[in-house]
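*Asks:* Provided below: work-v2.txt, containing compact mmCIF, C-alpha atoms.
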# COMPACT_ATOMS: atom_id res chain seq x y z
CA MET N 128 90.54 85.00 95.30
CA ASN N 129 92.21 82.49 92.97
CA ASN N 130 95.69 81.26 93.80
CA ALA N 131 95.61 83.06 97.14
CA ALA N 132 98.72 81.23 98.31
CA THR N 133 100.93 82.68 95.54
CA THR N 134 103.96 84.58 96.75
CA ARG N 135 105.73 87.50 95.08
CA ASP N 136 108.50 85.22 93.86
CA GLN N 137 106.02 83.11 91.89
CA ALA N 138 104.33 86.00 90.07
CA LYS N 139 105.31 86.74 86.48
CA VAL N 140 106.97 90.10 85.74
CA MET N 141 104.61 91.88 83.33
CA GLY N 142 104.50 95.09 81.30
CA ARG N 143 103.15 97.98 83.37
CA PHE N 144 101.62 99.77 80.38
CA ASP N 145 100.12 96.54 79.03
CA ILE N 146 98.54 95.77 82.41
CA THR N 147 97.20 99.32 82.69
CA LYS N 148 95.59 99.06 79.24
CA ARG N 149 94.06 95.69 80.16
CA LEU N 150 92.47 97.29 83.25
CA VAL N 151 91.17 100.35 81.39
CA ALA N 152 89.69 98.17 78.61
CA LYS N 153 87.52 96.45 81.22
CA LEU N 154 86.01 99.67 82.60
CA GLN N 155 82.57 99.89 80.99
CA HIS N 156 80.55 101.52 83.77
CA ASP N 157 82.36 104.80 84.51
CA GLU N 158 84.45 103.19 87.25
CA ALA N 159 86.75 105.67 88.99
CA VAL N 160 90.53 105.19 88.90
CA ILE N 161 92.94 107.03 91.19
CA GLY N 162 96.50 107.06 89.84
CA GLY N 163 99.28 107.38 92.42
CA ILE N 164 102.32 109.44 91.53
CA GLY N 165 105.10 108.27 89.23
CA HIS N 166 105.13 105.96 86.28
CA THR N 167 101.96 104.18 87.38
CA ASN N 168 100.08 107.45 86.98
CA TRP N 169 101.75 108.39 83.70
CA ASP N 170 100.87 105.07 82.11
CA LEU N 171 97.27 105.55 83.27
CA TRP N 172 97.30 108.93 81.50
CA ALA N 173 98.84 107.36 78.38
CA SER N 174 96.26 104.57 78.33
CA GLY N 175 93.60 107.11 77.34
CA ARG N 176 92.05 110.08 79.08
CA ARG N 177 88.90 109.23 81.03
CA PRO N 178 86.99 111.83 83.03
CA GLN N 179 86.69 109.23 85.81
CA ASN N 180 90.48 109.11 86.24
CA PHE N 181 92.15 111.22 88.94
CA TYR N 182 95.84 111.96 88.48
CA MET N 183 97.96 112.80 91.54
CA LEU N 184 100.90 115.19 91.35
CA GLY N 185 102.27 114.77 94.86
CA SER N 186 101.05 113.53 98.26
CA MET N 187 102.93 110.27 97.68
CA GLY N 188 101.16 107.32 99.28
CA LEU N 189 97.64 108.77 99.24
CA ALA N 190 96.16 107.02 96.18
CA VAL N 191 94.44 104.40 98.36
CA PRO N 192 93.01 106.91 100.89
CA ILE N 193 91.76 109.18 98.06
CA ALA N 194 90.17 106.19 96.34
CA MET N 195 88.61 105.10 99.63
CA GLY N 196 87.08 108.57 100.05
CA VAL N 197 85.59 108.45 96.56
CA ALA N 198 84.28 104.94 97.25
CA LEU N 199 82.60 106.02 100.50
CA ALA N 200 80.99 109.04 98.82
CA GLN N 201 79.75 106.99 95.86
CA PRO N 202 79.00 103.46 97.13
CA ASP N 203 77.38 102.39 93.84
CA ARG N 204 80.52 103.08 91.79
CA LYS N 205 83.52 100.75 91.65
CA VAL N 206 86.73 102.58 92.50
CA PHE N 207 90.28 101.46 91.66
CA ALA N 208 93.47 102.73 93.29
CA LEU N 209 96.58 102.28 91.14
CA GLU N 210 99.60 102.55 93.39
CA GLY N 211 103.32 101.77 93.20
CA ASP N 212 105.35 99.71 95.66
CA GLY N 213 107.36 102.70 96.89
CA SER N 214 104.17 104.68 97.45
CA ILE N 215 102.18 102.05 99.32
CA LEU N 216 105.19 101.37 101.56
CA MET N 217 104.80 104.97 102.79
CA GLN N 218 101.21 104.48 103.93
CA LEU N 219 100.74 100.82 104.89
CA GLY N 220 98.32 101.75 107.68
CA CYS N 221 95.69 102.63 105.09
CA LEU N 222 95.39 98.94 104.18
CA ALA N 223 94.18 98.24 107.71
CA THR N 224 91.69 101.10 107.48
CA VAL N 225 90.29 99.82 104.17
CA ALA N 226 90.02 96.31 105.60
CA ASN N 227 88.37 97.35 108.85
CA GLN N 228 85.91 99.69 107.13
CA LYS N 229 85.07 96.90 104.65
CA VAL N 230 84.94 99.24 101.66
CA ARG N 231 83.01 96.95 99.31
CA ASN N 232 83.42 98.95 96.10
CA LEU N 233 87.20 99.47 96.31
CA ALA N 234 89.97 97.58 94.51
CA ILE N 235 93.65 98.32 95.05
CA ILE N 236 96.23 97.44 92.40
CA ILE N 237 99.89 97.58 93.42
CA MET N 238 102.34 97.88 90.52
CA ASP N 239 105.47 96.43 92.11
CA ASN N 240 108.75 96.70 90.21
CA GLY N 241 110.87 96.63 93.38
CA ILE N 242 112.52 99.99 92.68
CA TYR N 243 112.04 103.72 92.97
CA GLN N 244 112.25 103.90 89.18
CA ILE N 245 111.59 107.62 88.83
CA THR N 246 114.45 108.60 91.13
CA GLY N 247 117.07 106.39 89.52
CA GLY N 248 116.18 102.80 90.30
CA GLN N 249 117.11 102.53 93.96
CA PRO N 250 115.61 99.34 95.46
CA THR N 251 112.44 99.52 97.56
CA ALA N 252 111.72 97.17 100.44
CA THR N 253 109.74 94.92 98.08
CA GLY N 254 112.87 94.63 95.92
CA MET N 255 114.61 93.33 99.02
CA GLY N 256 111.99 90.71 99.81
CA THR N 257 108.98 92.41 101.40
CA ASP N 258 105.69 90.98 100.12
CA VAL N 259 102.95 93.64 99.88
CA VAL N 260 100.19 91.09 99.31
CA ALA N 261 101.19 89.26 102.49
CA ILE N 262 101.15 92.60 104.33
CA ALA N 263 97.67 93.29 102.95
CA ARG N 264 96.42 89.91 104.16
CA GLY N 265 97.90 90.63 107.57
CA ALA N 266 96.11 93.98 107.57
CA GLY N 267 92.83 92.12 107.15
CA LEU N 268 92.33 92.21 103.38
CA ALA N 269 91.29 88.60 102.81
CA ASN N 270 90.83 89.17 99.08
CA ALA N 271 94.47 89.91 98.33
CA ALA N 272 96.44 88.05 95.66
CA TRP N 273 99.36 88.28 93.27
CA ALA N 274 98.44 88.22 89.60
CA THR N 275 100.40 85.22 88.33
CA ASP N 276 100.18 86.27 84.66
CA GLU N 277 98.14 88.52 82.33
CA ALA N 278 95.18 86.13 82.09
CA HIS N 279 95.05 85.83 85.86
CA PHE N 280 95.18 89.62 86.20
CA GLU N 281 92.17 89.90 83.90
CA ALA N 282 90.30 87.25 85.87
CA LEU N 283 91.02 89.11 89.10
CA MET N 284 89.76 92.37 87.56
CA ASP N 285 86.55 90.62 86.44
CA GLN N 286 86.11 89.48 90.02
CA ALA N 287 86.75 92.98 91.38
CA LEU N 288 84.22 94.43 88.95
CA THR N 289 81.44 92.02 89.83
CA GLU N 290 81.90 90.93 93.44
CA PRO N 291 81.96 92.87 96.71
CA GLY N 292 85.44 93.84 97.92
CA PRO N 293 87.67 95.25 99.10
CA PHE N 294 90.28 93.66 96.84
CA LEU N 295 94.03 94.04 96.56
CA VAL N 296 95.97 92.73 93.57
CA GLY N 297 99.74 92.74 93.40
CA VAL N 298 101.29 92.95 89.94
CA ARG N 299 105.01 92.51 89.39
CA THR N 300 105.96 94.97 86.69
CA ASP N 301 108.97 95.65 84.50
CA GLU N 302 111.18 98.74 84.34
CA GLN N 303 109.98 100.12 81.04
CA LYS N 304 109.83 103.89 80.63
CA PRO N 305 106.36 105.44 80.92
CA TYR N 306 104.42 106.16 77.75
CA GLY N 307 103.46 109.73 78.57
CA GLN N 308 103.27 112.35 81.30
CA THR N 309 100.23 113.87 82.96
CA GLU N 310 99.37 117.53 82.53
CA ARG N 311 100.31 119.55 85.59
CA ASP N 312 97.16 121.60 86.06
CA PRO N 313 95.69 120.41 89.36
CA PRO N 314 92.43 122.43 89.45
CA GLN N 315 91.60 121.26 85.93
CA LEU N 316 92.43 117.64 86.77
CA ARG N 317 90.16 117.85 89.80
CA ASP N 318 87.36 119.63 87.96
CA ARG N 319 87.32 117.06 85.12
CA PHE N 320 87.24 114.24 87.65
CA MET N 321 84.31 115.76 89.58
CA ARG N 322 82.37 116.16 86.34
CA GLY N 323 83.29 112.60 85.40
CA LEU N 324 81.78 111.46 88.69
CA GLY N 325 78.64 113.53 88.15
CA VAL N 326 79.32 115.72 91.19
CA LYS N 327 79.58 118.85 89.02
CA LYS N 328 77.38 119.38 85.99
CA MET Z 184 74.59 124.75 129.19
CA THR Z 185 75.60 123.53 125.75
CA THR Z 186 79.14 122.13 125.58
CA TRP Z 187 81.73 122.91 122.90
CA TRP Z 188 81.48 119.44 121.44
CA GLU Z 189 77.71 119.61 121.13
CA ILE Z 190 78.10 122.90 119.27
CA VAL Z 191 80.72 121.37 116.94
CA ARG Z 192 78.59 118.28 116.29
CA ASP Z 193 75.50 120.35 115.50
CA VAL Z 194 77.29 122.84 113.25
CA LEU Z 195 78.99 120.04 111.31
CA LYS Z 196 75.62 118.39 110.80
CA ARG Z 197 73.91 121.63 109.75
CA ASN Z 198 76.65 122.13 107.13
CA GLU Z 199 76.34 118.54 105.87
CA VAL Z 200 79.83 117.58 107.01
CA LYS Z 201 79.08 113.89 107.23
CA LEU Z 202 82.42 112.07 106.99
CA ILE Z 203 84.62 112.29 110.08
CA THR Z 204 88.12 110.78 109.95
CA TYR Z 205 90.35 111.08 112.97
CA VAL Z 206 93.41 110.07 114.90
CA PRO Z 207 92.24 110.08 118.53
CA ASP Z 208 93.05 112.68 121.15
CA ASN Z 209 92.05 112.91 124.78
CA VAL Z 210 90.52 116.38 124.48
CA LEU Z 211 88.60 115.41 121.33
CA ASN Z 212 87.20 112.31 123.01
CA PRO Z 213 83.77 113.73 123.97
CA LEU Z 214 83.32 115.06 120.42
CA ILE Z 215 84.37 111.72 118.91
CA LYS Z 216 81.91 109.91 121.21
CA ALA Z 217 79.09 112.33 120.35
CA ILE Z 218 79.73 111.88 116.63
CA HIS Z 219 79.82 108.08 116.86
CA ALA Z 220 76.55 108.21 118.83
CA ASP Z 221 74.83 110.13 116.02
CA PRO Z 222 73.83 107.99 113.01
CA TYR Z 223 74.02 111.02 110.71
CA PHE Z 224 77.81 110.78 110.68
CA HIS Z 225 80.15 108.25 109.08
CA ALA Z 226 83.11 108.32 111.47
CA PHE Z 227 86.18 106.13 111.81
CA VAL Z 228 89.75 106.13 113.01
CA THR Z 229 92.72 106.11 110.62
CA ALA Z 230 96.28 105.00 111.26
CA ARG Z 231 97.74 108.39 110.35
CA GLU Z 232 96.56 111.96 109.76
CA GLU Z 233 97.74 112.04 106.10
CA GLU Z 234 95.52 109.10 105.39
CA ALA Z 235 92.57 110.84 107.06
CA LEU Z 236 93.17 113.90 104.87
CA GLY Z 237 93.36 111.80 101.69
CA ILE Z 238 90.06 110.11 102.48
CA VAL Z 239 88.30 113.44 103.10
CA ALA Z 240 89.80 114.86 99.88
CA GLY Z 241 88.54 111.88 97.86
CA ALA Z 242 85.12 112.06 99.47
CA TRP Z 243 84.82 115.76 98.56
CA MET Z 244 85.52 114.96 94.92
CA GLY Z 245 82.86 112.25 95.16
CA GLY Z 246 80.32 114.68 96.58
CA MET Z 247 80.56 114.14 100.34
CA ARG Z 248 81.85 116.72 102.84
CA GLY Z 249 84.22 115.69 105.61
CA ILE Z 250 86.57 116.87 108.33
CA VAL Z 251 89.80 115.50 109.83
CA LEU Z 252 90.15 115.57 113.65
CA MET Z 253 93.62 115.43 115.22
CA GLN Z 254 95.94 116.95 117.81
CA THR Z 255 98.82 119.36 117.20
CA SER Z 256 101.50 116.69 116.76
CA GLY Z 257 99.31 115.12 114.08
CA PHE Z 258 99.00 118.39 112.22
CA ALA Z 259 102.80 118.49 112.03
CA THR Z 260 102.69 115.40 109.79
CA LEU Z 261 100.41 117.09 107.23
CA PRO Z 262 102.18 119.98 105.44
CA ASN Z 263 103.21 117.90 102.39
CA ALA Z 264 99.73 116.48 101.87
CA ILE Z 265 98.15 119.94 102.25
CA ALA Z 266 100.71 121.57 99.94
CA SER Z 267 100.55 118.89 97.24
CA LEU Z 268 96.89 117.81 97.38
CA ALA Z 269 94.40 120.08 99.15
CA LEU Z 270 95.86 123.44 98.10
CA PRO Z 271 96.88 122.91 94.45
CA TYR Z 272 93.77 120.87 93.58
CA GLN Z 273 91.54 123.37 95.44
CA ILE Z 274 89.92 120.75 97.65
CA PRO Z 275 88.26 122.21 100.78
CA VAL Z 276 89.55 119.70 103.32
CA LEU Z 277 88.41 120.80 106.77
CA MET Z 278 90.71 120.17 109.71
CA MET Z 279 90.09 120.49 113.45
CA VAL Z 280 93.11 120.41 115.74
CA SER Z 281 92.99 119.98 119.49
CA GLU Z 282 95.72 122.32 120.68
CA ARG Z 283 98.36 120.74 122.86
CA GLY Z 284 101.65 122.34 123.80
CA THR Z 285 100.47 125.48 125.55
CA LEU Z 286 98.63 126.72 128.68
CA GLY Z 287 99.86 124.01 131.00
CA GLU Z 288 101.60 121.54 128.70
CA PHE Z 289 103.71 118.94 130.50
CA ASN Z 290 105.42 117.36 127.46
CA VAL Z 291 108.18 119.50 125.98
CA GLY Z 292 107.87 117.74 122.60
CA GLN Z 293 104.25 118.82 122.34
CA ALA Z 294 105.20 122.38 123.30
CA THR Z 295 107.82 122.58 120.56
CA VAL Z 296 105.77 121.03 117.78
CA ALA Z 297 102.78 123.21 118.67
CA ARG Z 298 104.84 126.31 117.89
CA THR Z 299 105.23 125.15 114.29
CA MET Z 300 101.48 124.95 113.62
CA ARG Z 301 100.41 128.56 113.01
CA PRO Z 302 103.62 129.54 111.14
CA VAL Z 303 103.08 126.54 108.82
CA LEU Z 304 99.43 127.49 108.25
CA ASP Z 305 100.44 131.09 107.55
CA ALA Z 306 103.29 130.04 105.24
CA MET Z 307 100.81 128.05 103.15
CA GLY Z 308 98.37 130.96 103.13
CA MET Z 309 95.67 128.86 104.74
CA GLU Z 310 92.58 130.16 106.47
CA HIS Z 311 92.72 129.21 110.14
CA HIS Z 312 90.92 130.26 113.29
CA THR Z 313 91.36 129.48 116.94
CA MET Z 314 88.19 128.66 118.84
CA SER Z 315 88.70 129.83 122.42
CA ARG Z 316 85.24 130.98 123.61
CA LEU Z 317 82.00 129.08 123.84
CA ASP Z 318 79.93 132.08 122.68
CA GLU Z 319 82.03 132.40 119.50
CA ALA Z 320 82.39 128.72 118.66
CA GLU Z 321 79.29 128.34 116.50
CA PHE Z 322 79.96 131.48 114.47
CA ILE Z 323 83.63 130.67 113.80
CA LEU Z 324 83.00 127.07 112.82
CA ASP Z 325 79.92 127.75 110.71
CA ARG Z 326 81.51 130.62 108.78
CA THR Z 327 84.81 128.79 108.28
CA ILE Z 328 83.06 125.76 106.79
CA ARG Z 329 80.99 127.94 104.48
CA GLN Z 330 84.02 129.91 103.32
CA ALA Z 331 86.07 126.76 102.70
CA VAL Z 332 83.32 125.22 100.58
CA THR Z 333 82.48 128.32 98.56
CA THR Z 334 86.12 129.31 97.92
CA GLN Z 335 87.26 125.68 97.45
CA GLN Z 336 90.13 126.10 99.91
CA PRO Z 337 91.15 123.95 102.88
CA ALA Z 338 90.74 125.47 106.35
CA CYS Z 339 91.92 124.64 109.85
CA LEU Z 340 90.15 125.17 113.17
CA ILE Z 341 92.24 125.10 116.32
CA LEU Z 342 90.53 124.17 119.57
CA SER Z 343 92.21 126.21 122.32
CA PRO Z 344 92.50 124.87 125.87
CA LEU Z 345 90.57 128.04 126.78
CA LEU Z 346 87.56 126.39 125.11
CA THR Z 347 88.13 122.73 125.89
CA GLY Z 348 89.98 122.83 129.20
CA GLY Z 349 92.92 121.18 127.47
CA LYS Z 350 94.93 118.36 128.98
CA ALA Z 351 96.66 119.16 132.24
CA PRO Z 352 99.20 117.03 134.18
Translate this file's structure into structure tokens.
*Replies:*
Amino acid sequence: MNNAATTRDQAKVMGRFDITKRLVAKLQHDEAVIGGIGHTNWDLWASGRRPQNFYMLGSMGLAVPIAMGVALAQPDRKVFALEGDGSILMQLGCLATVANQKVRNLAIIIMDNGIYQITGGQPTATGMGTDVVAIARGAGLANAAWATDEAHFEALMDQALTEPGPFLVGVRTDEQKPYGQTERDPPQLRDRFMRGLGVKK
Amino acid sequence: MTTWWEIVRDVLKRNEVKLITYVPDNVLNPLIKAIHADPYFHAFVTAREEEALGIVAGAWMGGMRGIVLMQTSGFATLPNAIASLALPYQIPVLMMVSERGTLGEFNVGQATVARTMRPVLDAMGMEHHTMSRLDEAEFILDRTIRQAVTTQQPACLILSPLLTGGKAP
């Protein structure tokens, strides 16, 4: 990936909702997106309902494993996991699993604002200096990079959409409030997603 | 004579349970080996049981059936993921737990955590069955898988030391 040597400190702090909209605008082939809990998920919801989006309501830390499962079941579809820094810190082992299983159609995006924003802004480990992209590289994800700015993020997404992965992209995000909230009807969320993936007719 | 793990392998295959995620266990070892030896299955180890459950849940939504293999102490890490993912979203995640902590356990920690397993399953209203006899193994596993899939509910199968021989000191 471009600028692979970039560290967290060098990445620009960007708007979470803006970045989410930039991702969604690039999805032209019914790519699946798994939104982890919290503001990451709510901004995905607010960026426009897609039947190929899955919205979590709990099970913090499982966006990447869920996305990996979808990717294994549907190897011809690109799958994106949108996860927060607090969430991925709960389940770092999954990065090693993704790397070792070489899930080619999976891209992981970590929205890293350095805080548990939804619970009152307490700092996460990344806010104290931990670098998730460096952890990902250590786990075996060679294609792991920080997005240095919006244009770089878009270039990385183009790469994830066209080249074999797995990929991990770290995005430093601001502390803006989310632009919406997901519905809280889990069977319906799941049913829509399965229809969006063509599993149910 | 057919072994318990051959029965499990064959019933999983017959029910198109293709994806096997696991955290290893000594008692499960012959089953894990048999599954890896069979190209029908896609099997791999995960770092943690929650992760294994998440992968199987995602695969189900993508159209592939799977099961999580673990031991009792691993099950104890799962209640939040079951309560907030498998149950509310009605995703039939299958789980198979090698039962430690009873009938000759030598580790008091295993004995204590094992006592939490069935009360937790009951508290969540989950279908669970203990496989303790070779002549019942096929029926219990086959019917539990079918019920989980048709009712869209997770289910747990517990492998008793009476079936597997367990792990003795």
*Asks:* So how many Å separate CA of Val230 in chain N and CA of Ala220 in chain Z, to one decimal?
*Replies:* 21.1 Å
*Asks:* Using only C-alpha atoms, find which residues of chain N lie within 9 Å of chain Z and jot them down as a PDB file with C-alpha atoms, in the coordinates of the input.
*Replies:*
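Output below, filename iface.pdb:
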ATOM      1  CA  MET N 183      97.960 112.800  91.540  1.00  0.00           C
ATOM      2  CA  LEU N 184     100.900 115.190  91.350  1.00  0.00           C
ATOM      3  CA  GLY N 185     102.270 114.770  94.860  1.00  0.00           C
ATOM      4  CA  SER N 186     101.050 113.530  98.260  1.00  0.00           C
ATOM      5  CA  MET N 187     102.930 110.270  97.680  1.00  0.00           C
ATOM      6  CA  GLY N 188     101.160 107.320  99.280  1.00  0.00           C
ATOM      7  CA  LEU N 189      97.640 108.770  99.240  1.00  0.00           C
ATOM      8  CA  ALA N 190      96.160 107.020  96.180  1.00  0.00           C
ATOM      9  CA  VAL N 191      94.440 104.400  98.360  1.00  0.00           C
ATOM     10  CA  PRO N 192      93.010 106.910 100.890  1.00  0.00           C
ATOM     11  CA  ILE N 193      91.760 109.180  98.060  1.00  0.00           C
ATOM     12  CA  ALA N 194      90.170 106.190  96.340  1.00  0.00           C
ATOM     13  CA  MET N 195      88.610 105.100  99.630  1.00  0.00           C
ATOM     14  CA  GLY N 196      87.080 108.570 100.050  1.00  0.00           C
ATOM     15  CA  VAL N 197      85.590 108.450  96.560  1.00  0.00           C
ATOM     16  CA  ALA N 198      84.280 104.940  97.250  1.00  0.00           C
ATOM     17  CA  LEU N 199      82.600 106.020 100.500  1.00  0.00           C
ATOM     18  CA  ALA N 200      80.990 109.040  98.820  1.00  0.00           C
ATOM     19  CA  GLN N 201      79.750 106.990  95.860  1.00  0.00           C
ATOM     20  CA  GLN N 218     101.210 104.480 103.930  1.00  0.00           C
ATOM     21  CA  LEU N 219     100.740 100.820 104.890  1.00  0.00           C
ATOM     22  CA  GLY N 220      98.320 101.750 107.680  1.00  0.00           C
ATOM     23  CA  CYS N 221      95.690 102.630 105.090  1.00  0.00           C
ATOM     24  CA  ALA N 223      94.180  98.240 107.710  1.00  0.00           C
ATOM     25  CA  THR N 224      91.690 101.100 107.480  1.00  0.00           C
ATOM     26  CA  GLN N 228      85.910  99.690 107.130  1.00  0.00           C
ATOM     27  CA  ASP N 312      97.160 121.600  86.060  1.00  0.00           C
ATOM     28  CA  PRO N 313      95.690 120.410  89.360  1.00  0.00           C
ATOM     29  CA  PRO N 314      92.430 122.430  89.450  1.00  0.00           C
ATOM     30  CA  GLN N 315      91.600 121.260  85.930  1.00  0.00           C
ATOM     31  CA  LEU N 316      92.430 117.640  86.770  1.00  0.00           C
ATOM     32  CA  ARG N 317      90.160 117.850  89.800  1.00  0.00           C
ATOM     33  CA  ASP N 318      87.360 119.630  87.960  1.00  0.00           C
ATOM     34  CA  PHE N 320      87.240 114.240  87.650  1.00  0.00           C
ATOM     35  CA  MET N 321      84.310 115.760  89.580  1.00  0.00           C
ATOM     36  CA  LEU N 324      81.780 111.460  88.690  1.00  0.00           C
ATOM     37  CA  GLY N 325      78.640 113.530  88.150  1.00  0.00           C
ATOM     38  CA  VAL N 326      79.320 115.720  91.190  1.00  0.00           C
ATOM     39  CA  LYS N 327      79.580 118.850  89.020  1.00  0.00           C
TER      40      LYS N 327
END
*Asks:* Between CA of Thr133 in chain N and CA of Gly248 in chain N, what is the spacing in Å?
*Replies:*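 Computing the Euclidean distance for CA of Gly248 in chain N and CA of Thr133 in chain N yields 25.8 Å.
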*Asks:* Report, in Å to a single decimal, how far apart CA of Arg311 in chain N and CA of Thr167 in chain N are.
*Replies:*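 Going from CA of Thr167 in chain N over to CA of Arg311 in chain N covers 15.6 Å.
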*Asks:* Excluding same-chain residues fewer than 5 positions from Leu222 in chain N, what lies within 9 Å of it counting only C-alpha atoms, as a list in words?
*Replies:* Val191, Pro192, Ile215, Asn227, Ile262, Ala263, Ala266, Gly267 and Leu268 of chain N
*Asks:* Kindly provide, as JSON, the centre and edge lengths (Å, one decimal) of an axis-aligned box around all atoms of range 238-254 of chain N given in the file, with 6 Å on each side.
*Replies:*
{"center_x": 109.7, "center_y": 101.6, "center_z": 94.6, "size_x": 26.8, "size_y": 26.0, "size_z": 23.6}
*Asks:* For Glu321 in chain Z, which residue among Z:Ala226, Z:Leu340, Z:Met253, Z:Leu286 is the nearest when counting only C-alpha atoms?
*Replies:*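 Smallest separation from Glu321 in chain Z among the options: Z:Leu340.
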*Asks:* For Ala217 in chain Z, which residue among Z:Met309, Z:Val200, Z:Val191, Z:Ala297 is the nearest when counting only C-alpha atoms?
*Replies:*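 Comparing Z:Met309, Z:Val200, Z:Val191, Z:Ala297 against Ala217 in chain Z, the winner is Z:Val191.
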*Asks:* Set the distance at 6 Å and use all atoms listed in the file: which residues neighbour Ser343 in chain Z once local chain neighbours fewer than 3 positions away are removed? I'd like the list as a ChimeraX atom specification.
*Replies:* /Z:282,314-315,346
*Asks:* From the set Z:Thr260, Z:Thr347, Z:Thr295, Z:Gln335, which residue has the shortest atom-to-atom contact distance to Ser281 in chain Z, counting only C-alpha atoms?
*Replies:*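 Answer, going by the shortest atom-to-atom distance: Z:Thr347.
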*Asks:* Mind checking which residues fall within 12 Å of Lys196 in chain Z, counting all atoms listed in the file, ignoring those fewer than 6 positions away in the same chain, and posting them as a PyMOL selection string?
*Replies:* chain Z and resi 189-190+202-203+217-218+221-225+248-250+324-325+328
*Asks:* Counting only C-alpha atoms, what is within 7 Å of Tyr182 in chain N, bar same-chain residues fewer than 5 positions away, as a PyMOL selection string?
*Replies:* chain N and resi 161-163+168+316
*Asks:* Write the residues of the preceding selection, restricted to C-alpha atoms, as a CSV table (one decimal), keeping the file's coordinate frame.
*Replies:*
chain,number,residue,atom,x,y,z
N,161,ILE,CA,92.9,107.0,91.2
N,162,GLY,CA,96.5,107.1,89.8
N,163,GLY,CA,99.3,107.4,92.4
N,168,ASN,CA,100.1,107.4,87.0
N,316,LEU,CA,92.4,117.6,86.8
*Asks:* Just want the 9 Å neighbourhood of Gly284 in chain Z, counted on only C-alpha atoms, with same-chain residues fewer than 3 positions away dropped. Output as a list in words.
*Replies:* Thr255, Gly287, Glu288, Phe289, Asn290, Val291, Gly292, Gln293, Ala294, Thr295, Val296, Ala297 and Arg298 of chain Z
*Asks:* Under the rule that only C-alpha atoms are counted, which of N:Gly165, N:Gly211, N:Gly265, N:Gly323 is the nearest residue to Thr251 in chain N?
*Replies:* N:Gly211
*Asks:* Give the answer as one residue: which of N:Thr275, N:Thr147, N:Gln179, N:Ser174 has the shortest atom-to-atom distance to Arg322 in chain N, using all atoms listed in the file?
*Replies:*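 Checking each of N:Thr275, N:Thr147, N:Gln179, N:Ser174 against Arg322 in chain N, counting all atoms listed in the file, the winner is N:Gln179.
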*Asks:* Between N:Gly297, N:Pro178, N:Gly307, N:Pro291, which residue has the minimum interatomic distance to Ile146 in chain N, considering only C-alpha atoms?
*Replies:* N:Gly297
